[in-house]
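What follows is a short report on a single structure.
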Amino acid sequence: MNEFITLLGGTLTLSAPLILAAMGGLVSERSGIINIALEGKMLIAAVAVWLIGAKTGNPYLGLAAGVGAASLFSLIHWLLTQKYAFDHIVSGMAVNALAFGGSNFLDKRYTDPSQVSFAKFDSWLYWIVAIGLPICLWLYLRRTRGGLRLMAVGNDPEKSRQMGVFPLRIRLVSLLATGVFCGVAGSLIVSNAGSFNDGMTSGKGFIALAALIVGGWRPIPALIACLLFGMLQQVQIQFQGEAIAGVMVPNWVWLSLPYFATIVALAGFLGRDRTPKGLGKP
């Protein structure tokens, strides 16, 4: 029973940032922007939360800094793809590279090595937001005018223009929402760890993107996929180094489990095309 409770709590803890990042990818990709920059936005948010939260001792300022940093990178992403018409994949890679280098510089230049903790929110607050957000987005996409416009721009931006909808404006708002969600996700990651480590997102942004694809760019299926990936990460942590049915499983098997499952899930997705039709189109 104790192992089950540990598994459940760990699954919620590890799934929450995946869910938040996946929902960030959902709103931007539903608007037509290919977004492989979730990883970088979470990472730059994490270092901002750590620096400001540690220096001020105020979790609200730390969270605001993380959201602001991720939103700034989302604005850069919007400028590259919408104003300067860069390829979306190249733009995402550029944002990630800037985040990886920027977070490393900020960590090495401004982090106090003696700082071992900082003020943070209780994890259950993040859990509530993470579980409630996909439900809210499902209602927004299906029941509101703004949600229908977002879906329309992602499916056919040219026809949306003819109907008086402005894709540039919709995509700007969508990417800023992505920044907010990734900022909260980065805050949760550093809050769970208790400190910042270079590259601490460890591919979570790419796993969240995979969950979004596996979920067919739909909020509730993406939520379920994130929970499954989070559960596999917790299984890897919980059972690493333990014998299963008398057999000692090598550590590398446990470490590769979440990423192997991601590849298998994506392979199973092939052939079921639910991609927004306007994804990547100007």
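Residue numbering restarts at 1 for every chain of the structure tokens, chains are lettered A, B, ... in their displayed order, and ligands are numbered from 1 as they appear.
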Within 10 Å of Pro167 of chain A, counting only C-alpha atoms, which residues show up once you throw out same-chain ones fewer than 4 positions away? Write them as number ranges by chain, please. A: 31-32, 82, 149-150, 152-154, 156-158, 160-161, 171-173, 282
What's around segment 128-130 of chain A at 12 Å? Count only C-alpha atoms, leave out sequence neighbours fewer than 3 positions away in its own chain, and write the answer as an NGL selection string. :A and (12-24 or 122-125 or 133-137 or 181-182 or 184-185 or 188 or 219-220 or 222-224 or 226-227)
Per-residue DSSP, segment 67-242 of chain A, filtered to alpha helix (DSSP H), as JSON, numbers by chain: {"A": [67, 68, 69, 70, 71, 72, 73, 74, 75, 76, 77, 78, 88, 89, 90, 91, 92, 93, 94, 95, 96, 97, 98, 99, 100, 101, 102, 103, 104, 105, 106, 107, 108, 109, 110, 123, 124, 125, 126, 127, 128, 129, 130, 131, 132, 133, 134, 135, 136, 137, 138, 139, 140, 141, 142, 143, 145, 146, 147, 148, 149, 150, 151, 152, 153, 154, 155, 157, 158, 159, 160, 161, 162, 167, 168, 169, 170, 171, 172, 173, 174, 175, 176, 177, 178, 179, 180, 181, 182, 183, 184, 185, 186, 187, 188, 189, 190, 191, 192, 193, 204, 205, 206, 207, 208, 209, 210, 211, 212, 213, 214, 219, 220, 221, 222, 223, 224, 225, 226, 227, 228, 229, 230, 231, 232, 233, 234, 235, 236, 237, 238, 239]}
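Among the candidate residues A:Gly205, A:Gly25, A:Gly183, A:Pro221, the one lying nearest to Ala64 of chain A is A:Gly183, with distances computed using only C-alpha atoms.
Comparing A:Lys281, A:Lys204, A:Arg274, A:Arg169 by their smallest distance to Trp78 of chain A, the closest is A:Arg169 (using only C-alpha atoms).
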Please identify all polymer residues within 8 Å of Trp217 of chain A, counting only C-alpha atoms, omitting same-chain residues fewer than 3 positions from it, and present them as a PyMOL selection string. chain A and resi 26+29-30+212-214+222+274-276
Atom CA of Lys41 of chain A to atom CA of Asn192 of chain A, distance in Å rounded to a single decimal: 17.4 Å
Rounded to one decimal place, report the atom CA of Ala45 of chain A-atom CA of Ser256 of chain A distance in Å. 25.8 Å
For the atom pair atom CA of Gly53 of chain A and atom CA of Glu39 of chain A, what is the interatomic distance in Å to one decimal place?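 Taking atom CA of Gly53 of chain A as the start and atom CA of Glu39 of chain A as the end point, the length is 20.8 Å.
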